[in-house]
>>> print(open('model-v1.cif').read())   # mmCIF, C-alpha atoms and all ligand atoms
data_start
#
loop_
_atom_site.group_PDB
_atom_site.id
_atom_site.type_symbol
_atom_site.label_atom_id
_atom_site.label_comp_id
_atom_site.auth_asym_id
_atom_site.auth_seq_id
_atom_site.Cartn_x
_atom_site.Cartn_y
_atom_site.Cartn_z
ATOM 1 C CA MET A 179 85.444 113.943 19.022
ATOM 2 C CA GLY A 180 84.237 110.580 20.323
ATOM 3 C CA ASP A 181 82.530 109.230 23.397
ATOM 4 C CA GLU A 182 85.927 108.351 24.871
ATOM 5 C CA HIS A 183 86.463 111.985 25.865
ATOM 6 C CA TRP A 184 86.140 112.898 29.474
ATOM 7 C CA GLN A 185 85.994 109.282 30.588
ATOM 8 C CA LEU A 186 87.652 108.592 33.943
ATOM 9 C CA GLU A 187 88.475 105.431 35.846
ATOM 10 C CA GLY A 188 86.870 105.084 39.283
ATOM 11 C CA SER A 189 89.801 106.500 41.204
ATOM 12 C CA ALA A 190 90.101 109.489 38.865
ATOM 13 C CA ALA A 191 86.359 110.125 39.297
ATOM 14 C CA GLU A 192 86.921 110.302 43.059
ATOM 15 C CA LEU A 193 89.774 112.741 42.507
ATOM 16 C CA TYR A 194 87.538 114.778 40.197
ATOM 17 C CA GLN A 195 84.906 115.036 42.954
ATOM 18 C CA ARG A 196 87.534 115.821 45.602
ATOM 19 C CA TYR A 197 89.493 118.494 43.705
ATOM 20 C CA VAL A 198 87.807 119.734 40.527
ATOM 21 C CA VAL A 199 84.241 119.956 41.831
ATOM 22 C CA PRO A 200 84.910 122.098 44.942
ATOM 23 C CA ALA A 201 87.458 124.324 43.171
ATOM 24 C CA ILE A 202 85.781 124.817 39.809
ATOM 25 C CA THR A 203 82.527 123.148 38.838
ATOM 26 C CA THR A 204 80.584 124.058 42.005
ATOM 27 C CA ARG A 205 81.119 127.711 41.112
ATOM 28 C CA TRP A 206 79.746 127.188 37.624
ATOM 29 C CA ALA A 207 76.922 124.961 38.875
ATOM 30 C CA GLU A 208 75.670 127.624 41.289
ATOM 31 C CA ASP A 209 75.579 130.127 38.437
ATOM 32 C CA LEU A 210 73.854 127.755 36.013
ATOM 33 C CA VAL A 211 71.175 126.614 38.461
ATOM 34 C CA HIS A 212 70.563 130.214 39.500
ATOM 35 C CA ARG A 213 69.935 131.139 35.845
ATOM 36 C CA ALA A 214 67.599 128.195 35.221
ATOM 37 C CA GLN A 215 65.602 128.916 38.419
ATOM 38 C CA PRO A 216 64.229 125.409 39.089
ATOM 39 C CA ARG A 217 61.077 125.741 41.217
ATOM 40 C CA ALA A 218 59.558 123.559 43.932
ATOM 41 C CA GLY A 219 57.857 120.497 42.475
ATOM 42 C CA GLU A 220 59.559 120.629 39.058
ATOM 43 C CA ALA A 221 61.218 117.699 37.260
ATOM 44 C CA VAL A 222 64.862 118.382 36.322
ATOM 45 C CA LEU A 223 67.297 116.474 34.092
ATOM 46 C CA ASP A 224 71.080 117.021 34.424
ATOM 47 C CA VAL A 225 72.732 115.737 31.212
ATOM 48 C CA ALA A 226 76.425 114.690 31.506
ATOM 49 C CA CYS A 227 76.011 115.045 35.260
ATOM 50 C CA GLY A 228 79.475 113.693 36.113
ATOM 51 C CA THR A 229 79.647 113.293 39.887
ATOM 52 C CA GLY A 230 76.381 115.255 40.192
ATOM 53 C CA VAL A 231 77.216 118.763 41.340
ATOM 54 C CA VAL A 232 74.442 120.385 39.261
ATOM 55 C CA ALA A 233 71.873 117.680 40.078
ATOM 56 C CA ARG A 234 72.444 118.095 43.823
ATOM 57 C CA LEU A 235 71.921 121.875 43.655
ATOM 58 C CA ALA A 236 68.775 121.333 41.569
ATOM 59 C CA ALA A 237 67.481 118.755 44.090
ATOM 60 C CA LYS A 238 67.726 121.360 46.842
ATOM 61 C CA ALA A 239 65.824 123.883 44.729
ATOM 62 C CA VAL A 240 62.927 121.655 43.622
ATOM 63 C CA ALA A 241 62.374 120.174 47.104
ATOM 64 C CA ARG A 242 59.459 117.758 46.511
ATOM 65 C CA GLY A 243 60.116 117.580 42.761
ATOM 66 C CA GLN A 244 62.232 115.034 40.898
ATOM 67 C CA VAL A 245 65.819 115.143 39.684
ATOM 68 C CA THR A 246 67.564 112.800 37.249
ATOM 69 C CA GLY A 247 71.297 112.807 36.586
ATOM 70 C CA LEU A 248 72.477 111.078 33.396
ATOM 71 C CA ASP A 249 76.065 110.318 32.379
ATOM 72 C CA LEU A 250 77.904 107.876 30.139
ATOM 73 C CA ASN A 251 80.548 107.160 32.739
ATOM 74 C CA ALA A 252 79.801 104.520 35.389
ATOM 75 C CA GLY A 253 82.765 105.641 37.535
ATOM 76 C CA MET A 254 81.454 109.219 37.759
ATOM 77 C CA LEU A 255 77.950 107.926 38.595
ATOM 78 C CA ALA A 256 79.295 105.621 41.330
ATOM 79 C CA VAL A 257 80.824 108.667 43.029
ATOM 80 C CA ALA A 258 77.567 110.639 42.498
ATOM 81 C CA ARG A 259 75.525 107.877 44.183
ATOM 82 C CA GLY A 260 77.798 107.997 47.227
ATOM 83 C CA MET A 261 77.435 111.754 47.791
ATOM 84 C CA PRO A 262 74.942 113.136 50.350
ATOM 85 C CA SER A 263 72.171 115.353 48.947
ATOM 86 C CA GLN A 264 69.245 117.411 50.195
ATOM 87 C CA GLY A 265 65.744 118.005 48.869
ATOM 88 C CA ALA A 266 64.314 115.880 46.052
ATOM 89 C CA PRO A 267 65.623 112.344 45.570
ATOM 90 C CA ILE A 268 68.045 112.007 42.638
ATOM 91 C CA ASN A 269 67.757 109.189 40.132
ATOM 92 C CA TRP A 270 71.203 108.426 38.629
ATOM 93 C CA ILE A 271 71.085 106.872 35.152
ATOM 94 C CA GLU A 272 73.910 105.555 32.979
ATOM 95 C CA GLY A 273 73.208 106.551 29.386
ATOM 96 C CA SER A 274 74.179 108.686 26.430
ATOM 97 C CA ALA A 275 73.155 112.269 25.810
ATOM 98 C CA LEU A 276 72.617 111.185 22.201
ATOM 99 C CA ASP A 277 69.809 108.751 23.127
ATOM 100 C CA LEU A 278 68.073 110.037 26.220
ATOM 101 C CA PRO A 279 66.092 107.126 27.705
ATOM 102 C CA PHE A 280 62.978 109.221 28.477
ATOM 103 C CA PRO A 281 59.646 109.811 26.718
ATOM 104 C CA PRO A 282 58.921 113.233 25.173
ATOM 105 C CA ASP A 283 57.847 116.066 27.515
ATOM 106 C CA SER A 284 59.320 114.458 30.666
ATOM 107 C CA PHE A 285 61.091 117.444 32.254
ATOM 108 C CA ASP A 286 60.447 121.065 33.213
ATOM 109 C CA VAL A 287 64.156 121.913 33.229
ATOM 110 C CA VAL A 288 67.113 120.397 31.353
ATOM 111 C CA LEU A 289 70.613 121.353 32.506
ATOM 112 C CA CYS A 290 73.986 120.491 30.983
ATOM 113 C CA GLN A 291 77.161 121.895 32.477
ATOM 114 C CA LEU A 292 80.468 121.565 30.577
ATOM 115 C CA GLY A 293 79.213 118.512 28.699
ATOM 116 C CA LEU A 294 78.097 119.660 25.241
ATOM 117 C CA GLN A 295 81.648 120.165 23.954
ATOM 118 C CA PHE A 296 82.392 116.446 24.467
ATOM 119 C CA PHE A 297 79.388 115.010 22.624
ATOM 120 C CA PRO A 298 80.271 113.412 19.268
ATOM 121 C CA ASP A 299 77.003 114.653 17.728
ATOM 122 C CA GLN A 300 76.079 117.927 19.422
ATOM 123 C CA GLU A 301 73.028 118.660 17.302
ATOM 124 C CA ARG A 302 71.570 115.242 18.045
ATOM 125 C CA ALA A 303 72.179 115.676 21.794
ATOM 126 C CA LEU A 304 70.453 119.071 21.713
ATOM 127 C CA ARG A 305 67.503 117.654 19.765
ATOM 128 C CA GLU A 306 67.228 114.970 22.431
ATOM 129 C CA MET A 307 67.198 117.612 25.187
ATOM 130 C CA ARG A 308 64.510 119.515 23.296
ATOM 131 C CA ARG A 309 62.422 116.349 22.853
ATOM 132 C CA VAL A 310 62.329 115.483 26.566
ATOM 133 C CA LEU A 311 61.572 119.086 27.605
ATOM 134 C CA ARG A 312 57.939 120.072 28.280
ATOM 135 C CA ASN A 313 56.349 122.920 26.297
ATOM 136 C CA SER A 314 56.592 125.215 29.293
ATOM 137 C CA GLY A 315 60.151 124.062 30.015
ATOM 138 C CA ARG A 316 63.551 125.712 29.863
ATOM 139 C CA ALA A 317 67.100 124.502 29.396
ATOM 140 C CA ALA A 318 70.414 125.951 30.557
ATOM 141 C CA LEU A 319 73.810 124.831 29.323
ATOM 142 C CA SER A 320 77.373 126.024 29.792
ATOM 143 C CA VAL A 321 80.565 125.513 27.780
ATOM 144 C CA TYR A 322 84.026 127.054 28.040
ATOM 145 C CA SER A 323 85.202 129.849 25.753
ATOM 146 C CA PRO A 324 88.270 129.570 23.408
ATOM 147 C CA ILE A 325 91.517 128.486 25.024
ATOM 148 C CA GLU A 326 93.627 131.024 23.125
ATOM 149 C CA ARG A 327 91.845 133.785 24.989
ATOM 150 C CA THR A 328 92.275 132.107 28.376
ATOM 151 C CA PRO A 329 95.961 132.523 29.304
ATOM 152 C CA GLY A 330 96.103 130.186 32.333
ATOM 153 C CA ALA A 331 94.749 127.193 30.461
ATOM 154 C CA TYR A 332 96.621 128.241 27.324
ATOM 155 C CA ALA A 333 99.942 128.362 29.179
ATOM 156 C CA PHE A 334 99.135 124.923 30.572
ATOM 157 C CA VAL A 335 98.482 123.358 27.132
ATOM 158 C CA LEU A 336 101.588 124.941 25.589
ATOM 159 C CA ALA A 337 103.671 123.540 28.452
ATOM 160 C CA LEU A 338 101.989 120.146 28.129
ATOM 161 C CA ASP A 339 102.850 119.939 24.417
ATOM 162 C CA GLU A 340 106.447 120.962 25.144
ATOM 163 C CA VAL A 341 106.870 118.267 27.769
ATOM 164 C CA LEU A 342 104.811 115.398 26.341
ATOM 165 C CA GLY A 343 104.691 115.997 22.585
ATOM 166 C CA ALA A 344 102.730 117.977 20.053
ATOM 167 C CA ASP A 345 99.342 116.272 20.508
ATOM 168 C CA ALA A 346 99.312 116.101 24.294
ATOM 169 C CA SER A 347 96.985 119.056 24.739
ATOM 170 C CA ARG A 348 94.205 117.631 22.546
ATOM 171 C CA ILE A 349 92.004 116.638 25.516
ATOM 172 C CA LYS A 350 92.341 119.993 27.271
ATOM 173 C CA ARG A 351 91.797 121.949 24.057
ATOM 174 C CA GLY A 352 88.624 119.923 23.489
ATOM 175 C CA GLU A 353 87.100 121.531 26.595
ATOM 176 C CA HIS A 354 87.397 124.885 24.812
ATOM 177 C CA SER A 355 86.108 123.886 21.387
ATOM 178 C CA PHE A 356 83.356 126.528 21.236
ATOM 179 C CA THR A 357 85.024 129.503 19.610
ATOM 180 C CA ASP A 358 82.090 131.861 19.286
ATOM 181 C CA PRO A 359 78.782 132.509 21.116
ATOM 182 C CA ALA A 360 77.040 132.688 17.726
ATOM 183 C CA GLN A 361 78.115 129.094 17.052
ATOM 184 C CA LEU A 362 76.327 127.986 20.209
ATOM 185 C CA GLU A 363 73.224 130.018 19.454
ATOM 186 C CA ALA A 364 72.988 128.589 15.925
ATOM 187 C CA LEU A 365 73.355 125.016 17.177
ATOM 188 C CA LEU A 366 70.551 125.513 19.676
ATOM 189 C CA LYS A 367 68.223 127.128 17.153
ATOM 190 C CA ASP A 368 68.940 124.372 14.610
ATOM 191 C CA ALA A 369 68.003 121.817 17.259
ATOM 192 C CA GLY A 370 64.587 123.439 17.642
ATOM 193 C CA PHE A 371 64.991 125.748 20.626
ATOM 194 C CA GLY A 372 63.422 129.198 20.592
ATOM 195 C CA GLY A 373 64.166 132.214 22.784
ATOM 196 C CA VAL A 374 67.865 131.419 22.941
ATOM 197 C CA GLY A 375 70.044 133.787 24.958
ATOM 198 C CA VAL A 376 73.822 133.360 25.281
ATOM 199 C CA GLN A 377 75.633 135.163 28.055
ATOM 200 C CA THR A 378 79.328 135.321 28.855
ATOM 201 C CA VAL A 379 80.067 134.817 32.526
ATOM 202 C CA GLU A 380 83.372 135.503 34.239
ATOM 203 C CA GLN A 381 84.623 133.970 37.468
ATOM 204 C CA THR A 382 87.972 134.205 39.218
ATOM 205 C CA ILE A 383 89.182 130.994 40.763
ATOM 206 C CA VAL A 384 92.257 130.969 42.987
ATOM 207 C CA PHE A 385 94.555 127.951 43.296
ATOM 208 C CA PRO A 386 97.278 127.679 45.948
ATOM 209 C CA SER A 387 99.967 127.494 43.237
ATOM 210 C CA VAL A 388 100.629 126.797 39.566
ATOM 211 C CA LEU A 389 101.975 123.404 40.639
ATOM 212 C CA ASP A 390 98.698 122.670 42.378
ATOM 213 C CA TYR A 391 96.707 123.582 39.257
ATOM 214 C CA VAL A 392 98.888 121.402 37.014
ATOM 215 C CA ARG A 393 98.787 118.513 39.488
ATOM 216 C CA PHE A 394 95.013 118.326 39.593
ATOM 217 C CA GLN A 395 94.693 118.788 35.829
ATOM 218 C CA LEU A 396 96.957 115.780 35.321
ATOM 219 C CA LEU A 397 95.608 113.597 38.131
ATOM 220 C CA ALA A 398 91.873 114.307 38.320
ATOM 221 C CA THR A 399 90.817 114.752 34.692
ATOM 222 C CA PRO A 400 91.026 112.508 31.605
ATOM 223 C CA MET A 401 94.595 113.788 31.160
ATOM 224 C CA THR A 402 95.506 111.204 33.784
ATOM 225 C CA VAL A 403 96.192 108.920 30.767
ATOM 226 C CA PHE A 404 99.543 110.682 30.461
ATOM 227 C CA LEU A 405 100.599 109.486 33.918
ATOM 228 C CA THR A 406 99.268 105.940 34.022
ATOM 229 C CA ASP A 407 101.920 103.306 33.310
ATOM 230 C CA ARG A 408 104.616 105.629 34.676
ATOM 231 C CA THR A 409 106.529 105.299 37.929
ATOM 232 C CA GLU A 410 105.824 107.721 40.772
ATOM 233 C CA PRO A 411 109.126 109.625 40.227
ATOM 234 C CA GLU A 412 108.364 109.893 36.487
ATOM 235 C CA GLN A 413 104.884 111.265 37.261
ATOM 236 C CA GLN A 414 106.304 113.850 39.660
ATOM 237 C CA ALA A 415 108.950 114.883 37.110
ATOM 238 C CA ILE A 416 106.273 115.440 34.430
ATOM 239 C CA ILE A 417 104.069 117.470 36.791
ATOM 240 C CA LEU A 418 107.005 119.622 37.918
ATOM 241 C CA SER A 419 108.225 120.183 34.387
ATOM 242 C CA VAL A 420 104.767 121.186 33.041
ATOM 243 C CA ALA A 421 104.239 123.518 36.017
ATOM 244 C CA SER A 422 107.610 125.164 35.540
ATOM 245 C CA LYS A 423 107.077 125.726 31.797
ATOM 246 C CA ALA A 424 103.470 126.922 32.321
ATOM 247 C CA THR A 425 104.709 129.491 34.815
ATOM 248 C CA ALA A 426 107.282 130.710 32.305
ATOM 249 C CA TYR A 427 104.747 131.394 29.522
ATOM 250 C CA PRO A 428 102.955 134.334 31.124
ATOM 251 C CA ARG A 429 106.307 135.626 32.374
ATOM 252 C CA ARG A 430 107.537 135.786 28.784
ATOM 253 C CA GLN A 431 104.317 137.513 27.753
ATOM 254 C CA CYS A 432 104.535 139.906 30.706
ATOM 255 C CA SER A 433 108.042 140.962 29.766
ATOM 256 C CA THR A 434 106.839 142.313 26.415
ATOM 257 C CA ALA A 435 103.592 143.855 27.653
ATOM 258 C CA ALA A 436 103.143 147.286 29.156
ATOM 259 C CA GLY A 437 102.155 147.514 32.797
ATOM 260 C CA SER A 438 102.449 145.079 35.670
ATOM 261 C CA PRO A 439 101.115 141.512 35.348
ATOM 262 C CA SER A 440 98.210 142.275 37.661
ATOM 263 C CA ARG A 441 97.292 145.423 35.729
ATOM 264 C CA ARG A 442 97.407 143.427 32.520
ATOM 265 C CA ARG A 443 95.073 140.898 34.065
ATOM 266 C CA HIS A 444 92.399 143.521 34.613
ATOM 267 C CA THR A 445 92.738 145.306 31.291
ATOM 268 C CA SER A 446 93.136 142.196 29.167
ATOM 269 C CA PRO A 447 90.161 140.777 27.260
ATOM 270 C CA LEU A 448 91.606 137.326 27.877
ATOM 271 C CA HIS A 449 89.451 134.806 29.595
ATOM 272 C CA TRP A 450 91.895 133.254 32.042
ATOM 273 C CA ALA A 451 94.690 135.051 33.781
ATOM 274 C CA LEU A 452 97.706 133.201 35.075
ATOM 275 C CA VAL A 453 99.240 135.610 37.524
ATOM 276 C CA ASP A 454 103.024 135.794 37.299
ATOM 277 C CA THR A 455 104.020 133.985 40.473
ATOM 278 C CA SER A 456 107.338 135.833 40.724
ATOM 279 C CA ALA A 457 105.491 139.142 40.998
ATOM 280 C CA CYS A 458 102.394 138.105 42.916
ATOM 281 C CA GLY A 459 103.485 135.382 45.311
ATOM 282 C CA PRO A 460 102.737 131.676 45.116
ATOM 283 C CA THR A 461 99.115 132.001 44.075
ATOM 284 C CA LEU A 462 97.468 131.184 40.791
ATOM 285 C CA LYS A 463 94.390 133.229 40.021
ATOM 286 C CA VAL A 464 92.329 131.940 37.149
ATOM 287 C CA THR A 465 89.719 134.202 35.687
ATOM 288 C CA CYS A 466 87.503 131.955 33.703
ATOM 289 C CA ILE A 467 84.654 132.710 31.379
ATOM 290 C CA ALA A 468 82.035 130.163 30.443
ATOM 291 C CA ARG A 469 79.077 130.779 28.247
ATOM 292 C CA ALA A 470 75.857 130.141 30.044
ATOM 293 C CA VAL A 471 72.870 129.647 27.822
ATOM 294 C CA ALA A 472 69.299 130.108 28.977
ATOM 295 C CA ILE A 473 66.618 128.833 26.665
ATOM 296 C CA GLY A 474 62.854 129.180 26.604
ATOM 297 C CA ARG A 475 60.643 127.069 24.381
HETATM 298 C C1 LIG B 1 83.746 117.987 32.357
HETATM 299 S S1 LIG B 1 82.711 116.681 32.892
HETATM 300 C C2 LIG B 1 81.358 117.661 33.560
HETATM 301 C C3 LIG B 1 80.592 116.902 34.611
HETATM 302 C C4 LIG B 1 79.576 117.736 35.394
HETATM 303 N N1 LIG B 1 78.541 118.270 34.537
HETATM 304 C C5 LIG B 1 80.251 118.828 36.181
HETATM 305 O O1 LIG B 1 80.014 120.007 35.888
HETATM 306 O O2 LIG B 1 81.024 118.523 37.111
HETATM 307 C C6 LIG B 1 82.011 116.061 31.386
HETATM 308 C C7 LIG B 1 81.083 114.864 31.571
HETATM 309 O O3 LIG B 1 80.473 114.557 30.306
HETATM 310 C C8 LIG B 1 80.237 113.162 30.283
HETATM 311 N N2 LIG B 1 79.958 112.758 28.906
HETATM 312 C C9 LIG B 1 80.796 112.823 27.846
HETATM 313 N N3 LIG B 1 80.173 112.357 26.737
HETATM 314 C C10 LIG B 1 78.918 111.996 27.112
HETATM 315 C C11 LIG B 1 77.780 111.475 26.412
HETATM 316 N N4 LIG B 1 77.837 111.216 25.098
HETATM 317 N N5 LIG B 1 76.642 111.235 27.108
HETATM 318 C C12 LIG B 1 76.583 111.494 28.437
HETATM 319 N N6 LIG B 1 77.617 111.994 29.143
HETATM 320 C C13 LIG B 1 78.770 112.241 28.488
HETATM 321 C C14 LIG B 1 81.513 112.583 30.867
HETATM 322 O O4 LIG B 1 81.355 111.244 31.266
HETATM 323 C C15 LIG B 1 81.771 113.566 32.015
HETATM 324 O O5 LIG B 1 81.200 113.110 33.218
#
>>> encode(input="model-v1.cif", output="structure tokens")
Amino acid sequence: MGDEHWQLEGSAAELYQRYVVPAITTRWAEDLVHRAQPRAGEAVLDVACGTGVVARLAAKAVARGQVTGLDLNAGMLAVARGMPSQGAPINWIEGSALDLPFPPDSFDVVLCQLGLQFFPDQERALREMRRVLRNSGRAALSVYSPIERTPGAYAFVLALDEVLGADASRIKRGEHSFTDPAQLEALLKDAGFGGVGVQTVEQTIVFPSVLDYVRFQLLATPMTVFLTDRTEPEQQAIILSVASKATAYPRRQCSTAAGSPSRRRHTSPLHWALVDTSACGPTLKVTCIARAVAIGR
């Protein structure tokens, strides 16, 4: 996987901040920052900060400390710079997680939310995080769990491949490339971290409809490449078709499973639940599990 993943044009970065951040990444950011417990006066680095949701929460927590947000994508950083924040000032830096432009022992806390899975050399990025962390420091990272065990996202990628061709879901599947908590733990230990703890965290996120979920996936994430160079009616037809097929997947699964769709959602070990809209009204509930990792040195 190369550096081209999760790269958005300026307008898509604005859409990401407007739709994805409030609906999804703020929820994960609150959890991650809570686990890392940044304290007043500390220096915090947010790697792959995107439009800065984690950095802004950290800035509030450290008050008179310092916060740095680093990302490869200038469009995401431009949106981050334009957002209001409270507490410590935030220094936004364009750069790669693989070559952090800081001397050793620069930070008390290193955070990385939903970024590690996109780095072309994950071990190198983790070694870089370890290098810039002080001896007394701690790091907290989160990645998504496997897509096959997350029915909402899985239904979406199956529908995407049906509508746009066999390889269309590659970007979305890349978000879920960590298949096993042990894989994450081993990577962190190999990169020189000690005291590694991996926890599985579950959140339920509700979208107004399946169509809404599909629309923002295709307009406000790197999957926007599938819609550029198409006319407005063509774009709408693709969105409608993916949404309709995605809705049908859980319905097919529900018809062969015992119990009602909502009962299945609670008893299933699956990570995302796409509620059958015919049975539950026009609401998409997504139960999503990310792995949050807290690390001591
Ligand atoms: C899913 S977004 C997450 C953004 C943010 N952490 C959040 O939770 O909203 C992934 C981010 O990783 C960034 N990224 C991907 N590869 C990178 C790299 N090699 N170095 C720094 N950032 C990178 C992308 O530009 C993108 O902003």
>>> residues_around(input="model-v1.cif", residues="Glu301 in chain A", least_positions_apart="2", cutoff="7 Å", atoms="only C-alpha atoms", output="list in words")
Asp299, Ala303, Leu304, Arg305, Leu365 and Ala369 of chain A
>>> closest_atom_pairs(input="model-v1.cif", of="chain A", to="ligand LIG 1 (chain B)", cutoff="9 Å", atoms="only C-alpha atoms and all ligand atoms", output="tab-separated table")
residue	atom	partner	partner_atom	distance
A:Gly180	CA	B:LIG1	N3	7.8
A:Asp181	CA	B:LIG1	N3	5.1
A:Glu182	CA	B:LIG1	N3	7.3
A:His183	CA	B:LIG1	C9	6.1
A:Trp184	CA	B:LIG1	C14	4.8
A:Gln185	CA	B:LIG1	O4	5.1
A:Leu186	CA	B:LIG1	O4	7.3
A:Ala191	CA	B:LIG1	O5	8.5
A:Tyr194	CA	B:LIG1	O2	8.1
A:Gln195	CA	B:LIG1	O2	7.8
A:Val198	CA	B:LIG1	O2	7.7
A:Val199	CA	B:LIG1	O2	5.9
A:Ile202	CA	B:LIG1	O2	8.3
A:Thr203	CA	B:LIG1	O1	5.0
A:Thr204	CA	B:LIG1	O1	7.4
A:Trp206	CA	B:LIG1	O1	7.4
A:Ala207	CA	B:LIG1	O1	6.6
A:Asp224	CA	B:LIG1	N1	7.6
A:Val225	CA	B:LIG1	C12	6.4
A:Ala226	CA	B:LIG1	N6	3.8
A:Cys227	CA	B:LIG1	N1	4.2
A:Gly228	CA	B:LIG1	O5	3.4
A:Thr229	CA	B:LIG1	O2	6.1
A:Gly230	CA	B:LIG1	C4	6.3
A:Val231	CA	B:LIG1	O2	5.7
A:Val232	CA	B:LIG1	O1	6.5
A:Ala233	CA	B:LIG1	N1	8.7
A:Leu248	CA	B:LIG1	C12	6.5
A:Asp249	CA	B:LIG1	N6	4.0
A:Leu250	CA	B:LIG1	C12	4.2
A:Asn251	CA	B:LIG1	O4	4.4
A:Ala252	CA	B:LIG1	O4	8.0
A:Gly253	CA	B:LIG1	O4	8.5
A:Met254	CA	B:LIG1	O5	6.0
A:Leu255	CA	B:LIG1	O5	8.1
A:Glu272	CA	B:LIG1	C12	7.9
A:Gly273	CA	B:LIG1	C12	6.1
A:Ser274	CA	B:LIG1	N5	3.6
A:Ala275	CA	B:LIG1	N5	3.9
A:Leu276	CA	B:LIG1	N4	6.0
A:Asp277	CA	B:LIG1	N5	8.3
A:Leu278	CA	B:LIG1	N5	8.7
A:Leu289	CA	B:LIG1	N1	8.7
A:Cys290	CA	B:LIG1	N1	6.2
A:Gln291	CA	B:LIG1	N1	4.4
A:Leu292	CA	B:LIG1	C2	5.0
A:Gly293	CA	B:LIG1	O3	4.5
A:Leu294	CA	B:LIG1	O3	7.6
A:Gln295	CA	B:LIG1	C9	8.4
A:Phe296	CA	B:LIG1	N3	5.2
A:Phe297	CA	B:LIG1	N4	4.8
A:Pro298	CA	B:LIG1	N4	6.7
A:Asp299	CA	B:LIG1	N4	8.2
A:Gln300	CA	B:LIG1	N4	9.0
A:Ala303	CA	B:LIG1	N4	7.9
A:Ser320	CA	B:LIG1	O1	9.0
A:Glu353	CA	B:LIG1	C1	7.6
A:Thr399	CA	B:LIG1	C1	8.1
>>> resolve_selection(input="model-v1.cif", expression="the PyMOL selection byres (((chain A and resi 390-396) around 8) and not hetatm)", output="list in words")
Tyr197, Val198, Phe334, Phe385, Pro386, Ser387, Val388, Leu389, Leu397, Ala398, Thr399, Pro400, Met401, Thr402, Phe404, Leu405, Ile417, Val420, Ala421 and Leu462 of chain A
>>> atom_distance(input="model-v1.cif", atom1="CA of Val376 in chain A", atom2="CA of Ala333 in chain A")
26.9 Å
>>> residues_around(input="model-v1.cif", residues="Ala218 in chain A", least_positions_apart="6", cutoff="9 Å", atoms="only C-alpha atoms", output="PyMOL selection string")
chain A and resi 238-243
>>> atom_distance(input="model-v1.cif", atom1="CA of Gly247 in chain A", atom2="CA of Arg234 in chain A")
9.0 Å
>>> atom_distance(input="model-v1.cif", atom1="CA of Val310 in chain A", atom2="CA of Gly260 in chain A")
26.9 Å
>>> closest_residue(input="model-v1.cif", among="A:Asp407, A:Ala337, A:Thr328, A:Glu363", to="Thr425 in chain A", atoms="all atoms listed in the file")
A:Ala337
>>> residues_around(input="model-v1.cif", residues="Ser355 in chain A", least_positions_apart="4", cutoff="9 Å", atoms="all atoms listed in the file", output="list in words")
Gln295, Phe296, Val321, Tyr322, Ser323, Pro324, Ile325 and Arg351 of chain A
>>> closest_residue(input="model-v1.cif", among="A:Arg348, A:His354, A:Arg408, A:Arg316", to="Val374 in chain A", atoms="all atoms listed in the file")
A:Arg316
>>> closest_residue(input="model-v1.cif", among="A:Gln377, A:Met261, A:Gly372, A:Ala237", to="Pro359 in chain A", atoms="only C-alpha atoms")
A:Gln377
>>> resolve_selection(input="model-v1.cif", expression="the PyMOL selection byres (((chain A and resi 216) around 8) and not hetatm)", output="PyMOL selection string")
chain A and resi 211-212+214-215+217-218+220+222+236+239-240+287
